[in-house]
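As stored in model.txt (compact mmCIF, C-alpha atoms):
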# COMPACT_ATOMS: atom_id res chain seq x y z
CA MET A 542 3.07 -0.83 8.64
CA SER A 543 0.80 -1.64 5.73
CA SER A 544 1.17 -5.13 4.33
CA LEU A 545 -0.48 -4.24 1.03
CA ALA A 546 2.82 -4.31 -0.88
CA ASN A 547 6.32 -5.57 -0.45
CA ARG A 548 8.68 -3.26 1.39
CA GLN A 549 11.22 -3.58 -1.45
CA GLY A 550 9.71 -3.19 -4.90
CA VAL A 551 10.63 -2.64 -8.54
CA ALA A 552 8.23 -1.05 -11.00
CA MET A 553 8.68 -0.38 -14.70
CA VAL A 554 7.46 2.88 -16.18
CA SER A 555 6.69 3.49 -19.83
CA PHE A 556 9.50 5.93 -20.58
CA ALA A 557 12.34 3.40 -20.37
CA MET A 558 13.14 4.09 -16.73
CA LYS A 559 13.04 1.82 -13.72
CA LEU A 560 11.89 2.66 -10.20
CA ILE A 561 13.53 0.93 -7.26
CA ALA A 562 11.95 1.66 -3.89
CA ALA A 563 12.20 0.70 -0.24
CA GLY A 564 10.47 1.89 2.91
CA GLN A 565 10.71 1.37 6.64
CA THR A 566 9.00 2.60 9.79
CA ASN A 567 10.17 2.73 13.40
CA VAL A 568 8.44 3.60 16.68
CA GLY A 569 11.28 5.89 17.78
CA ARG A 570 12.64 6.24 21.31
CA LYS A 571 9.87 8.15 23.09
CA ARG A 572 6.56 6.73 21.85
CA SER A 573 4.92 3.51 23.06
CA HIS A 574 3.29 2.66 19.73
CA ASN A 575 3.63 3.55 16.07
CA GLU A 576 0.96 5.75 14.47
CA ASP A 577 2.75 5.96 11.10
CA ASN A 578 1.95 3.88 8.03
CA LEU A 579 3.52 3.50 4.62
CA LEU A 580 2.50 1.98 1.33
CA LEU A 581 4.49 0.83 -1.70
CA VAL A 582 2.45 -0.43 -4.65
CA ALA A 583 4.95 -1.35 -7.35
CA SER A 584 2.22 -2.27 -9.86
CA GLU A 585 0.85 1.28 -9.71
CA ASN A 586 4.15 3.14 -9.12
CA LEU A 587 2.44 4.57 -6.03
CA PHE A 588 4.23 5.43 -2.78
CA VAL A 589 2.59 6.82 0.37
CA VAL A 590 3.70 7.92 3.84
CA ALA A 591 1.12 8.80 6.50
CA ASP A 592 1.64 10.17 10.03
CA GLY A 593 -1.39 9.56 12.24
CA MET A 594 -2.58 11.95 14.93
CA GLY A 595 -5.01 11.64 17.80
CA GLY A 596 -3.28 9.69 20.53
CA HIS A 597 -3.92 6.20 21.87
CA ALA A 598 -4.76 3.97 18.90
CA SER A 599 -6.72 6.52 16.85
CA GLY A 600 -3.75 7.99 14.97
CA GLU A 601 -2.77 4.53 13.84
CA VAL A 602 -6.33 3.93 12.67
CA ALA A 603 -6.33 7.17 10.65
CA SER A 604 -3.04 6.50 8.89
CA GLN A 605 -4.04 2.89 8.18
CA LEU A 606 -7.37 4.02 6.72
CA ALA A 607 -5.52 6.49 4.50
CA VAL A 608 -3.16 3.95 2.92
CA GLU A 609 -5.87 1.30 2.59
CA CYS A 610 -8.31 3.73 1.00
CA MET A 611 -5.75 5.01 -1.50
CA SER A 612 -4.60 1.50 -2.39
CA ASP A 613 -8.17 0.33 -2.91
CA PHE A 614 -9.06 3.32 -5.09
CA PHE A 615 -6.01 2.83 -7.32
CA LYS A 616 -6.72 -0.87 -7.64
CA ARG A 617 -10.37 -0.30 -8.58
CA THR A 618 -9.61 2.46 -11.09
CA SER A 619 -6.80 0.41 -12.60
CA GLU A 620 -9.09 -2.55 -13.16
CA ASN A 621 -11.96 -0.42 -14.49
CA ASP A 622 -11.23 3.05 -15.88
CA GLU A 623 -14.97 3.62 -16.37
CA ILE A 624 -15.70 3.46 -12.65
CA THR A 625 -17.55 6.48 -11.25
CA TRP A 626 -15.35 8.64 -9.03
CA PRO A 627 -16.73 10.10 -5.77
CA PHE A 628 -15.37 13.57 -6.65
CA LYS A 629 -15.37 15.58 -9.85
CA GLU A 630 -12.15 16.00 -11.77
CA GLU A 631 -10.43 19.36 -11.28
CA LYS A 632 -9.95 21.43 -14.41
CA GLY A 633 -6.32 22.03 -15.30
CA LEU A 634 -5.14 18.73 -13.83
CA LYS A 635 -4.23 15.70 -15.92
CA TYR A 636 -6.03 12.40 -15.46
CA GLU A 637 -3.37 10.89 -13.19
CA GLU A 638 -3.18 14.07 -11.10
CA ASN A 639 -6.93 13.94 -10.61
CA ARG A 640 -6.68 10.25 -9.77
CA LEU A 641 -4.14 11.00 -7.06
CA VAL A 642 -6.08 13.96 -5.65
CA CYS A 643 -9.33 11.98 -5.68
CA SER A 644 -7.75 9.10 -3.75
CA ILE A 645 -6.53 11.52 -1.06
CA LYS A 646 -9.91 13.28 -0.83
CA LEU A 647 -11.62 9.91 -0.53
CA ALA A 648 -9.23 8.92 2.28
CA ASN A 649 -9.99 12.20 4.03
CA LEU A 650 -13.74 11.57 3.86
CA ARG A 651 -13.35 7.99 5.09
CA ILE A 652 -11.32 9.13 8.11
CA PHE A 653 -13.69 12.02 8.88
CA GLU A 654 -16.80 9.82 8.73
CA THR A 655 -15.20 7.04 10.77
CA ALA A 656 -14.17 9.50 13.48
CA ARG A 657 -17.66 10.98 13.54
CA SER A 658 -19.31 7.57 13.89
CA GLU A 659 -17.02 6.19 16.62
CA SER A 660 -16.58 8.34 19.74
CA ARG A 661 -13.28 6.68 20.71
CA LEU A 662 -11.80 7.89 17.40
CA LYS A 663 -13.02 11.49 17.67
CA GLY A 664 -10.40 13.98 16.55
CA MET A 665 -8.18 11.50 14.73
CA GLY A 666 -6.37 12.53 11.58
CA THR A 667 -3.27 11.95 9.53
CA THR A 668 -0.83 13.75 7.32
CA ILE A 669 -0.16 12.29 3.88
CA VAL A 670 2.63 12.60 1.32
CA THR A 671 2.50 10.52 -1.82
CA MET A 672 4.17 10.15 -5.19
CA LEU A 673 2.83 8.57 -8.36
CA PHE A 674 4.95 7.89 -11.46
CA THR A 675 3.43 7.30 -14.88
CA ASN A 676 4.30 7.99 -18.53
CA GLY A 677 7.59 9.67 -17.71
CA THR A 678 6.14 12.09 -15.16
CA GLY A 679 5.98 12.14 -11.38
CA TYR A 680 3.00 13.50 -9.46
CA LEU A 681 3.34 14.65 -5.86
CA GLY A 682 0.38 15.12 -3.52
CA HIS A 683 0.44 16.05 0.16
CA VAL A 684 -1.51 17.34 3.13
CA GLY A 685 0.18 18.20 6.43
CA ASP A 686 3.85 18.30 7.38
CA SER A 687 5.13 14.97 6.11
CA ARG A 688 7.63 15.86 3.42
CA ALA A 689 9.04 14.94 0.03
CA TYR A 690 12.66 15.62 -0.93
CA ARG A 691 14.64 15.15 -4.13
CA ILE A 692 18.33 14.29 -4.13
CA ARG A 693 19.86 15.19 -7.49
CA ASN A 694 23.47 15.91 -8.54
CA GLY A 695 24.75 16.08 -4.96
CA ALA A 696 22.04 18.48 -3.74
CA ILE A 697 18.85 18.02 -1.70
CA GLU A 698 15.65 19.96 -2.34
CA GLN A 699 12.46 19.98 -0.28
CA LEU A 700 9.54 19.58 -2.70
CA THR A 701 6.66 20.11 -0.25
CA GLU A 702 5.61 22.99 1.98
CA ASP A 703 4.56 22.15 5.54
CA HIS A 704 0.93 22.83 6.38
CA SER A 705 1.86 23.85 9.92
CA LEU A 706 1.40 26.80 12.24
CA LEU A 707 5.16 27.29 12.36
CA ASN A 708 5.42 27.53 8.59
CA ASP A 709 2.53 30.01 8.51
CA TYR A 710 4.40 32.19 11.01
CA ILE A 711 7.62 31.89 9.04
CA LYS A 712 5.90 33.07 5.86
CA ALA A 713 4.02 35.89 7.60
CA ASN A 714 6.64 37.17 10.03
CA LYS A 715 9.98 36.00 8.66
CA LEU A 716 11.08 34.55 11.98
CA THR A 717 14.74 34.45 12.88
CA ALA A 718 16.54 31.15 13.38
CA GLU A 719 16.40 31.67 17.14
CA GLU A 720 12.65 32.40 17.06
CA ILE A 721 12.04 29.31 14.94
CA GLU A 722 14.00 27.16 17.38
CA ALA A 723 12.04 28.53 20.35
CA PHE A 724 8.61 28.44 18.68
CA PRO A 725 6.26 26.82 21.22
CA HIS A 726 3.77 25.21 18.80
CA LYS A 727 5.96 23.36 16.32
CA ASN A 728 3.67 20.34 16.24
CA VAL A 729 0.47 22.22 15.39
CA ILE A 730 -0.82 21.16 11.96
CA VAL A 731 -3.22 23.49 10.12
CA ARG A 732 -4.22 20.96 7.45
CA ALA A 733 -4.57 17.17 7.70
CA LEU A 734 -6.81 14.35 6.56
CA GLY A 735 -9.84 13.87 8.80
CA MET A 736 -9.98 17.39 10.25
CA ARG A 737 -12.91 18.42 8.05
CA GLU A 738 -15.31 16.80 5.60
CA THR A 739 -13.38 18.25 2.67
CA VAL A 740 -9.68 18.88 2.26
CA GLN A 741 -7.41 20.91 0.01
CA VAL A 742 -4.67 18.79 -1.54
CA ASP A 743 -1.42 20.32 -2.78
CA VAL A 744 -0.43 18.59 -6.03
CA SER A 745 2.47 19.21 -8.39
CA ARG A 746 4.20 17.62 -11.36
CA ILE A 747 7.81 16.45 -11.20
CA ASP A 748 10.28 15.72 -13.98
CA PRO A 749 12.16 12.59 -12.90
CA ARG A 750 15.65 11.97 -14.24
CA PRO A 751 17.94 8.96 -14.08
CA GLY A 752 19.97 9.18 -10.87
CA ASP A 753 17.27 11.01 -8.90
CA ILE A 754 16.42 9.72 -5.44
CA TYR A 755 13.13 10.82 -3.87
CA LEU A 756 12.53 10.69 -0.12
CA LEU A 757 9.10 10.66 1.50
CA CYS A 758 9.17 10.97 5.28
CA THR A 759 7.26 11.92 8.40
CA ASP A 760 8.33 14.78 10.65
CA GLY A 761 9.78 12.20 13.00
CA MET A 762 12.61 12.04 10.50
CA SER A 763 12.75 15.54 9.03
CA GLY A 764 12.56 17.08 12.51
CA MET A 765 15.46 14.98 13.80
CA VAL A 766 17.82 14.88 10.81
CA ALA A 767 19.08 18.06 9.16
CA ASP A 768 18.81 18.22 5.38
CA ALA A 769 22.60 18.24 5.03
CA ASP A 770 22.86 15.05 7.08
CA THR A 771 20.07 13.43 5.07
CA LEU A 772 21.98 14.23 1.88
CA ARG A 773 25.20 12.83 3.33
CA ILE A 774 23.52 9.57 4.37
CA VAL A 775 21.77 9.08 1.04
CA ASP A 776 24.91 9.93 -0.94
CA ALA A 777 26.93 7.53 1.20
CA GLY A 778 24.52 4.76 0.26
CA GLY A 779 24.87 5.60 -3.39
CA GLY A 780 21.44 4.20 -4.10
CA ALA A 781 22.82 0.67 -4.19
CA ASP A 782 20.90 -0.64 -1.16
CA LEU A 783 17.88 1.50 -0.37
CA ASP A 784 16.85 -0.70 2.55
CA ALA A 785 20.20 -0.07 4.22
CA THR A 786 19.90 3.65 3.54
CA CYS A 787 16.42 3.72 5.09
CA ARG A 788 17.86 2.03 8.18
CA ALA A 789 20.68 4.57 8.31
CA LEU A 790 18.21 7.48 8.11
CA ILE A 791 16.08 5.98 10.88
CA ASP A 792 19.18 5.37 13.01
CA ALA A 793 20.13 9.03 12.55
CA ALA A 794 16.66 10.17 13.60
CA ASN A 795 16.85 8.01 16.72
CA GLU A 796 20.32 9.27 17.50
CA GLY A 797 18.94 12.80 17.17
CA GLY A 798 16.40 12.07 19.89
CA GLY A 799 13.79 9.80 18.31
CA VAL A 800 10.99 11.85 19.89
CA ASP A 801 8.39 10.69 17.36
CA ASN A 802 7.63 7.75 15.12
CA ILE A 803 9.98 7.64 12.12
CA THR A 804 8.98 6.58 8.61
CA CYS A 805 10.62 6.96 5.22
CA ILE A 806 10.41 5.73 1.65
CA LEU A 807 13.26 6.08 -0.85
CA ILE A 808 12.63 5.88 -4.60
CA ARG A 809 15.54 5.70 -7.05
CA ILE A 810 15.17 6.45 -10.76
CA THR A 811 17.44 4.42 -13.05
CA GLU A 812 17.63 3.70 -16.74
CA SER A 813 16.14 0.36 -17.68
Starting from the coordinates I provided, produce the structure as structure tokens.
Amino acid sequence: MSSLANRQGVAMVSFAMKLIAAGQTNVGRKRSHNEDNLLLVASENLFVVADGMGGHASGEVASQLAVECMSDFFKRTSENDEITWPFKEEKGLKYEENRLVCSIKLANLRIFETARSESRLKGMGTTIVTMLFTNGTGYLGHVGDSRAYRIRNGAIEQLTEDHSLLNDYIKANKLTAEEIEAFPHKNVIVRALGMRETVQVDVSRIDPRPGDIYLLCTDGMSGMVADADTLRIVDAGGGADLDATCRALIDAANEGGGVDNITCILIRITES
């Protein structure tokens, strides 16, 4: 797990709201090592979950490079807003959206070039899901099948769309529940950091409200815990102790099989 920020953090945002966040990662019950990484940077209101791929130690390298690269980019651009970015800003996106997208694209390039230069790391990659809060708005960026959810008014909503072969089939063929359950390639990702020199990042704006809880997680959690159970666990915690709720979610994923590494971040919006 990244040591770049405290696991439990509080960050103030400019629209009289407070963010309280916690994150945890767990190896699960079937894997010998953890290829996930997470990042909480309270000073930047930045939260990241990454699920490495590639086997052996290479997946862990990819996810670690992703969180380190993003953290470094946000630190440098925070200290000097005149710094030259490695990618052009995209028209139609606000400054902070472009900042988020640029950090993810930079992480992708770093992973791709590292894998190309070191044969033992060939084929490594990582998913990424990240949230940035600033000036009363939330920005969500992701690549892969790590997910973001919002819990609001007793309901849970998935905010991201998986970049997976299964999801492509679901959209194209409208698979039945039985066909989805039996699909033989559930773990095939069609988009991830490090797969190619360039990457398409899905980015969206979110309107945070007091009482919202946002969940970022790897598929080791979302694949093991049904949305209804996730909602029940988060509601039971009431947002009072996010560390305890993270532990409860990880426990549920392990009880469901724990077939993969499990990582989650919870972010609660409160009035200051």
Region 568-577 of chain A environment, 7 Å, only C-alpha atoms, sequence neighbours closer than 5 positions dropped, as a ChimeraX atom specification: /A:591-593,600-601,604,795,799-804
Would you compute the distance between CA of Val684 (chain A) and CA of Arg651 (chain A)? Give it in Å to one decimal. 15.2 Å
For region 735-747 of chain A, please output as a PyMOL selection string all residues within 10 Å (counting all atoms listed in the file; exclusion window: fewer than 2 positions along the same chain). chain A and resi 594+603+607+634-635+638-639+641-643+645-657+663-674+677-685+691+700-702+704+731-733+749-750
Near Thr618 (chain A), within 12 Å and counting all atoms listed in the file, which residues show up once chain neighbours fewer than 3 positions away are dropped, as a PyMOL selection string? chain A and resi 585+611-615+621-627+636-637+639-641+643-644
Using Å and a single decimal, report how far CA of Ser687 (chain A) sits from CA of Glu812 (chain A).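 Computing it gives 28.4 Å between the two atoms.
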CA of Ala785 (chain A) to CA of Ile810 (chain A): how many Å, to one decimal? 17.1 Å
Excluding region 558-561 of chain A and its own-chain neighbours fewer than 3 positions away, which residues fall within 12 Å of it when counting only C-alpha atoms? Please give them as a PyMOL selection string. chain A and resi 547-555+564+581-588+672-679+749-755+780-784+806-813
Six-sided padding of 5 Å per side, axis-aligned box over region 662-677 of chain A, centre and edges in Å, one decimal, as lines of an AutoDock Vina configuration file:
center_x = -2.7
center_y = 10.6
center_z = -0.4
size_x = 30.6
size_y = 16.7
size_z = 46.2
